[in-house]
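Chemist: Would you mind keeping the following structure in view while I ask a few things?
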There are 2 protein chains.
Amino acid sequence: MALSRTRTTASTKPAATRSNGGTLQAAKAAQTRSRLLEATVRCIVKHGYANTTTPRVAKEAGLSRGAMMHHFENGAALIKATIIELHEKRLRAFRRAAERPEEHDVDTLVETYWAQVQKPAFIAFHELAVAARTDKELADILLPLQEEFRDRFNAQAHALFPEWGDSPTQFDLAMSLSQTIMEGMAIAVQTGAMDREKVPMMLAHLENQIRAIMPATARATAGKS
Amino acid sequence: MALSRTRTTASTKPAATRSNGGTLQAAKAAQTRSRLLEATVRCIVKHGYANTTTPRVAKEAGLSRGAMMHHFENGAALIKATIIELHEKRLRAFRRAAERPEEHDVDTLVETYWAQVQKPAFIAFHELAVAARTDKELADILLPLQEEFRDRFNAQAHALFPEWGDSPTQFDLAMSLSQTIMEGMAIAVQTGAMDREKVPMMLAHLENQIRAIMPATARATAGKS
DNA sequence: CAAAATACAATCAGTCATGTATGTTTTTAT
DNA sequence: ATAAAAACATACATGACTGATTGTATTTTG
């Protein structure tokens with residue numbers, strides 16, 4: 001996906017949802033938009049960001065390219081909307097996984113996040129992050145959203161795990177460690193840099209580490225072994 | 001880099017170095033080849049694999065595209081040679097770092113590998129690994145070499161750290177943990193997924209972990225704190 | 001019901017990468 | 001020294017993607 005060849009200031013297309021409130025047509029448009037965003041994610045996962053072209057996304061969504069350009073005037077606009085949608089999806093998944101305090105035992109949480117980082121949302125996300133390293137235009141779109149995502153993720157984490165409330169430093173370490181290990185492992189496995197067989201050993205070690213870092217108050221309720 | 005549009009069996013071009021022994025011309029060719037491989041790595045690091053085109057590499061190497069096609073008939077051939085060169089470079093770096101047994105203290109080793117994963121060789125490597133996930137032709141080139149690299153890396157690791165010899169399971173865990181955390185963190189920092197400020201904390205934790213995993217015999221000589 | 005807006009389709013010109021074919025100069029070998 | 005071979009350069013044909021333009025059907029609104 002080569003973003004915007006023309007050098008027009010990438011307007012956020014404020015004219016898109018202009019004045020139609022909740023009409024029949026608006027619903028149809030919203031559905032088509034959704035289909036396009038899902039098609040974009042599928043394309044990124046299947047073909048990689050570099051080979052996610054506008055004709056390909058249109059075809060994957062079962063739409064003509066012209067129709068697609070009507071909803072997203074630019075490749076850039078499509079990608080931006082996709083990133084926002086991906087962030088929402090990952091945050092919802094994280095919230096769903098952690099909002100039941102009765103399942104705050106370390107093993108379940110680790111396994112749940114491990115399952116998450118193997119889903120399309122995370123794969124597409126990493127694909128975009130890697131591409132943004134060398135694609136300044138994509139970086140201009142992604143990095144601010146990335147920062148916002150990190151903040152919201154952290155805020156949600158603190159809200160969802162009050163049992164760590166009195167040890168912010170430990171919590172920070174546990175979170176960073178979990179993210180680094182599981183996300184790094186997911187990428188390593190996906191790209192063939194690591195053998196799948198080592199995953200259980202690593203996850204078990206991570207779980208033990210988290211328990212060791214956990215404050216005693218929380219360990220009483222959430223630690224298993 | 002879109003590898004080979006034509007579907008010819010990607011021959012390894014055995015006719016390249018045909019019968020000229022050690023003449024002046026052979027030296028010149030070898031130097032040009034080197035320049036091309038280095039230019040390829042620079043292009044991958046600067047522009048990403050997707051935007052590493054044959055004209056771009058030629059220009060970066062200060063060569064015409066025709067001359068380049070003389071040394072590597074294909075984009076695929078160029079990439080394959082680059083991957084092999086990258087692997088050699090990473091293995092040499094690893095060996096150099098670990099071949100002085102007097103510097104086998106955990107802190108030095110961790111810092112050295114952390115420095116390694118921030119160098120061009122690792123960045124290019126990851127770029128290629130990500131691209132190969134969705135580029136079957138690249139995967140056919142990369143994956144076998146990747147497996148060979150892993151084997152040689154592990155063999156070298158066992159040879160260079162005899163002090164862990166009697167605890168293969170622990171050694172395996174320590175190696176996997178180190179690679180996952182440092183490589184994962186390098187990628188996360190590069191792509192903006194992680195804040196640079198968290199790196200020291202993570203490295204310190206990793207060092208403690210390795211010391212905890214280390215067999216007592218080795219800990220006597222290599223453990224610091 | 002007529003006019004305006006929206007959803008969607010088809011086509012065009014510009015750009016760029018790939019592979020190949022064809023020249024030109026330098027090196028090697030007889 | 002001269003012919004072959006290798007190193008290097010130039011030019012061309014093909015294909016793909018991007019953005020823009022133009023056209024049609026459906027829906028909303030006054």
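Naming works like this for the structure tokens: A, B, ... for the chains as they're shown, residue 1 at the start of each chain, ligands 1 onward in shown order.
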Compute the chain A side of the contact with chain B at 10 Å, counting only C-alpha atoms, and hand it back as an MDAnalysis selection string.

Modeler: chainID A and resid 1:2 44:51 126:136 139 142:144 146:147 149:150 172:174 176:188 190:195 198:199 201:202 205:206 209

Chemist: Save out the residues we just selected, C-alpha atoms, as a PDB file, in the first residue's frame.

Modeler:
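Result file is out_1.pdb:
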```pdb
ATOM      1  CA  MET A   1       0.000   0.000   0.000  1.00  0.00           C
ATOM      2  CA  ALA A   2       1.686   3.169  -1.236  1.00  0.00           C
ATOM      3  CA  ILE A  44      -2.749  -7.265   5.603  1.00  0.00           C
ATOM      4  CA  VAL A  45      -2.684 -10.596   7.398  1.00  0.00           C
ATOM      5  CA  LYS A  46      -2.769 -12.686   4.240  1.00  0.00           C
ATOM      6  CA  HIS A  47      -0.634 -10.640   1.880  1.00  0.00           C
ATOM      7  CA  GLY A  48       1.298  -8.289   4.144  1.00  0.00           C
ATOM      8  CA  TYR A  49       1.049  -4.528   4.288  1.00  0.00           C
ATOM      9  CA  ALA A  50       3.233  -4.002   1.230  1.00  0.00           C
ATOM     10  CA  ASN A  51       0.946  -6.090  -0.956  1.00  0.00           C
ATOM     11  CA  HIS A 126       2.720  -5.646  13.879  1.00  0.00           C
ATOM     12  CA  GLU A 127       2.711  -5.652  10.112  1.00  0.00           C
ATOM     13  CA  LEU A 128       1.730  -1.984  10.178  1.00  0.00           C
ATOM     14  CA  ALA A 129       4.239  -1.122  12.883  1.00  0.00           C
ATOM     15  CA  VAL A 130       7.090  -2.647  10.907  1.00  0.00           C
ATOM     16  CA  ALA A 131       6.054  -0.882   7.713  1.00  0.00           C
ATOM     17  CA  ALA A 132       5.807   2.427   9.554  1.00  0.00           C
ATOM     18  CA  ARG A 133       9.461   2.235  10.497  1.00  0.00           C
ATOM     19  CA  THR A 134      10.436   3.150   6.958  1.00  0.00           C
ATOM     20  CA  ASP A 135       7.205   4.709   5.649  1.00  0.00           C
ATOM     21  CA  LYS A 136       7.117   8.219   7.010  1.00  0.00           C
ATOM     22  CA  ALA A 139       4.348   6.644  10.642  1.00  0.00           C
ATOM     23  CA  LEU A 142       0.351   5.332  13.158  1.00  0.00           C
ATOM     24  CA  LEU A 143       2.647   6.756  15.822  1.00  0.00           C
ATOM     25  CA  PRO A 144       0.172   9.185  17.395  1.00  0.00           C
ATOM     26  CA  GLN A 146       0.076   4.064  18.870  1.00  0.00           C
ATOM     27  CA  GLU A 147       0.850   6.425  21.704  1.00  0.00           C
ATOM     28  CA  PHE A 149      -3.284   3.170  22.440  1.00  0.00           C
ATOM     29  CA  ARG A 150      -0.457   2.643  24.928  1.00  0.00           C
ATOM     30  CA  ASP A 172       4.924  -1.777  35.427  1.00  0.00           C
ATOM     31  CA  LEU A 173       7.592  -4.471  35.329  1.00  0.00           C
ATOM     32  CA  ALA A 174       5.077  -7.291  35.190  1.00  0.00           C
ATOM     33  CA  SER A 176       6.288  -4.836  30.332  1.00  0.00           C
ATOM     34  CA  LEU A 177       7.661  -8.295  30.861  1.00  0.00           C
ATOM     35  CA  SER A 178       4.428  -9.943  29.822  1.00  0.00           C
ATOM     36  CA  GLN A 179       4.035  -7.824  26.742  1.00  0.00           C
ATOM     37  CA  THR A 180       7.637  -8.134  25.648  1.00  0.00           C
ATOM     38  CA  ILE A 181       7.831 -11.876  26.102  1.00  0.00           C
ATOM     39  CA  MET A 182       4.475 -12.789  24.646  1.00  0.00           C
ATOM     40  CA  GLU A 183       4.463 -10.317  21.787  1.00  0.00           C
ATOM     41  CA  GLY A 184       8.109 -11.038  21.020  1.00  0.00           C
ATOM     42  CA  MET A 185       7.443 -14.756  21.081  1.00  0.00           C
ATOM     43  CA  ALA A 186       4.403 -14.421  18.867  1.00  0.00           C
ATOM     44  CA  ILE A 187       6.461 -12.574  16.278  1.00  0.00           C
ATOM     45  CA  ALA A 188       9.362 -14.971  16.593  1.00  0.00           C
ATOM     46  CA  GLN A 190       5.262 -16.323  13.191  1.00  0.00           C
ATOM     47  CA  THR A 191       8.470 -15.455  11.395  1.00  0.00           C
ATOM     48  CA  GLY A 192      10.182 -18.766  12.036  1.00  0.00           C
ATOM     49  CA  ALA A 193      12.847 -17.278  14.315  1.00  0.00           C
ATOM     50  CA  MET A 194      11.748 -19.471  17.218  1.00  0.00           C
ATOM     51  CA  ASP A 195      10.644 -23.019  17.576  1.00  0.00           C
ATOM     52  CA  LYS A 198       9.669 -23.710  23.359  1.00  0.00           C
ATOM     53  CA  VAL A 199       6.472 -21.761  23.964  1.00  0.00           C
ATOM     54  CA  MET A 201       8.394 -23.542  28.793  1.00  0.00           C
ATOM     55  CA  MET A 202       8.550 -19.801  28.242  1.00  0.00           C
ATOM     56  CA  HIS A 205       8.521 -19.267  33.324  1.00  0.00           C
ATOM     57  CA  LEU A 206       6.693 -16.017  32.704  1.00  0.00           C
ATOM     58  CA  GLN A 209       7.982 -14.552  37.248  1.00  0.00           C
TER      59      GLN A 209
END
```

Chemist: Would you kindly report the residues of chain D within 12 Å of chain A, using only C-alpha atoms (C1' of nucleotides), as a PyMOL selection string?

Modeler: chain D and resi 16-23+26-29

Chemist: Counting only C-alpha atoms (C1' of nucleotides), which residues from chain C have an atom at most 10 Å from any atom of chain B, and could you show them as an mmCIF file with C-alpha atoms (C1' of nucleotides), in the first residue's frame?

Modeler:
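As written to disk, out00.cif reads:
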```cif
data_model
loop_
_atom_site.group_PDB
_atom_site.id
_atom_site.type_symbol
_atom_site.label_atom_id
_atom_site.label_comp_id
_atom_site.auth_asym_id
_atom_site.auth_seq_id
_atom_site.Cartn_x
_atom_site.Cartn_y
_atom_site.Cartn_z
ATOM 1 C "C1'" DA C 17 9.565 -1.920 -10.981
ATOM 2 C "C1'" DT C 18 10.853 -6.142 -13.387
ATOM 3 C "C1'" DG C 19 13.238 -8.880 -16.793
ATOM 4 C "C1'" DT C 26 38.336 -3.303 -19.671
ATOM 5 C "C1'" DT C 27 40.758 -7.525 -18.592
ATOM 6 C "C1'" DT C 28 42.642 -12.025 -19.743
#
```

Chemist: Which polymer residues have any atom within 8 Å of an atom of B:Arg95, counting only C-alpha atoms (C1' of nucleotides), with same-chain residues fewer than 3 positions away left out, as a PDB file with N, CA and C atoms, in the first residue's frame?

Modeler:
```pdb
ATOM      1  N   LEU B  91      26.647 -14.352  13.173  1.00  0.00           N
ATOM      2  CA  LEU B  91      27.354 -15.425  13.870  1.00  0.00           C
ATOM      3  C   LEU B  91      28.753 -14.967  14.274  1.00  0.00           C
ATOM      4  N   ARG B  92      29.420 -14.244  13.382  1.00  0.00           N
ATOM      5  CA  ARG B  92      30.752 -13.716  13.725  1.00  0.00           C
ATOM      6  C   ARG B  92      30.662 -12.788  14.926  1.00  0.00           C
ATOM      7  N   ALA B  98      31.545 -13.609  22.607  1.00  0.00           N
ATOM      8  CA  ALA B  98      31.540 -14.630  23.652  1.00  0.00           C
ATOM      9  C   ALA B  98      32.836 -15.414  23.746  1.00  0.00           C
ATOM     10  N   GLU B  99      33.776 -15.153  22.851  1.00  0.00           N
ATOM     11  CA  GLU B  99      34.945 -16.016  22.818  1.00  0.00           C
ATOM     12  C   GLU B  99      35.978 -15.654  23.894  1.00  0.00           C
ATOM     13  N   GLN B 156      27.121 -23.028  18.432  1.00  0.00           N
ATOM     14  CA  GLN B 156      28.145 -22.086  18.889  1.00  0.00           C
ATOM     15  C   GLN B 156      27.935 -21.716  20.352  1.00  0.00           C
ATOM     16  N   LEU B 160      30.603 -22.190  23.281  1.00  0.00           N
ATOM     17  CA  LEU B 160      31.217 -21.016  23.889  1.00  0.00           C
ATOM     18  C   LEU B 160      30.919 -20.899  25.379  1.00  0.00           C
TER      19      LEU B 160
END
```

Chemist: Please extract the residues of stretch 11-111 of chain B with a backbone DSSP assignment of alpha helix (DSSP H) and present them as an MDAnalysis selection string.

Modeler: chainID B and resid 24:47 54:61 65:71 75:98 106:111

Chemist: Restricted to C-alpha atoms, what would the selected residues look like written as a short mmCIF file (atom, residue, chain, number, x, y, z; two decimals), in the first residue's frame?

Modeler:
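So the final result, stored in selection06.cif, reads:
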```
data_model
loop_
_atom_site.label_atom_id
_atom_site.label_comp_id
_atom_site.auth_asym_id
_atom_site.auth_seq_id
_atom_site.Cartn_x
_atom_site.Cartn_y
_atom_site.Cartn_z
CA LEU B 24 42.62 -9.35 -10.88
CA GLN B 25 39.16 -9.51 -12.36
CA ALA B 26 37.94 -11.97 -9.78
CA ALA B 27 38.99 -9.63 -6.98
CA LYS B 28 37.18 -6.76 -8.61
CA ALA B 29 34.05 -8.83 -9.01
CA ALA B 30 34.17 -9.94 -5.39
CA GLN B 31 34.49 -6.37 -4.24
CA THR B 32 31.56 -5.28 -6.38
CA ARG B 33 29.50 -8.16 -5.03
CA SER B 34 30.31 -7.03 -1.51
CA ARG B 35 29.34 -3.49 -2.30
CA LEU B 36 26.02 -4.72 -3.66
CA LEU B 37 25.29 -6.82 -0.59
CA GLU B 38 26.08 -3.94 1.72
CA ALA B 39 23.94 -1.62 -0.36
CA THR B 40 21.09 -4.11 -0.11
CA VAL B 41 21.29 -4.17 3.67
CA ARG B 42 21.39 -0.38 3.81
CA CYS B 43 18.35 -0.19 1.54
CA ILE B 44 16.41 -2.70 3.62
CA VAL B 45 17.20 -0.83 6.81
CA LYS B 46 16.46 2.61 5.37
CA HIS B 47 13.52 1.92 3.09
CA THR B 54 16.75 -3.34 -7.81
CA PRO B 55 17.23 0.18 -9.21
CA ARG B 56 17.48 1.51 -5.68
CA VAL B 57 20.13 -0.99 -4.64
CA ALA B 58 22.11 -0.32 -7.81
CA LYS B 59 22.03 3.40 -7.19
CA GLU B 60 23.00 2.94 -3.54
CA ALA B 61 25.95 0.84 -4.65
CA ARG B 65 21.30 -1.73 -12.90
CA GLY B 66 22.66 -3.68 -15.82
CA ALA B 67 25.96 -4.20 -14.04
CA MET B 68 24.11 -5.39 -11.00
CA MET B 69 22.09 -7.86 -13.04
CA HIS B 70 25.40 -9.20 -14.28
CA HIS B 71 26.44 -10.17 -10.76
CA GLY B 75 16.35 -9.98 -7.36
CA ALA B 76 15.97 -13.35 -5.65
CA ALA B 77 19.65 -14.19 -6.09
CA LEU B 78 20.64 -10.86 -4.58
CA ILE B 79 18.39 -11.38 -1.58
CA LYS B 80 19.60 -14.90 -1.01
CA ALA B 81 23.22 -13.81 -1.02
CA THR B 82 22.33 -10.96 1.33
CA ILE B 83 20.66 -13.30 3.80
CA ILE B 84 23.66 -15.61 3.82
CA GLU B 85 25.97 -12.66 4.39
CA LEU B 86 23.75 -11.38 7.20
CA HIS B 87 23.81 -14.75 8.92
CA GLU B 88 27.58 -14.94 8.72
CA LYS B 89 27.85 -11.46 10.12
CA ARG B 90 25.57 -12.18 13.07
CA LEU B 91 27.35 -15.42 13.87
CA ARG B 92 30.75 -13.72 13.73
CA ALA B 93 29.49 -10.97 16.02
CA PHE B 94 28.14 -13.52 18.49
CA ARG B 95 31.37 -15.46 18.44
CA ARG B 96 33.51 -12.36 18.91
CA ALA B 97 31.39 -11.32 21.87
CA ALA B 98 31.54 -14.63 23.65
CA VAL B 106 26.08 -11.89 32.76
CA ASP B 107 25.88 -8.10 32.63
CA THR B 108 28.46 -7.78 29.88
CA LEU B 109 26.90 -10.51 27.79
CA VAL B 110 23.44 -9.02 28.06
CA GLU B 111 24.63 -5.56 27.19
#
```

Chemist: Which one is closest to C:DC1: D:DA25, D:DA11, D:DG30, D:DA4? Count only C-alpha atoms (C1' of nucleotides).

Modeler: D:DG30

Chemist: In terms of the shortest atom-to-atom distance over only C-alpha atoms (C1' of nucleotides), which of D:DA3, D:DT24, D:DA9, D:DG15 is closest to C:DA10?

Modeler: D:DT24

Chemist: I need the residue nearest A:Phe161 from this list: A:Arg211, A:Arg196, A:Lys119, A:Arg100. Use only C-alpha atoms for the distance.

Modeler: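 Distance minimum relative to A:Phe161 lands on A:Arg100.
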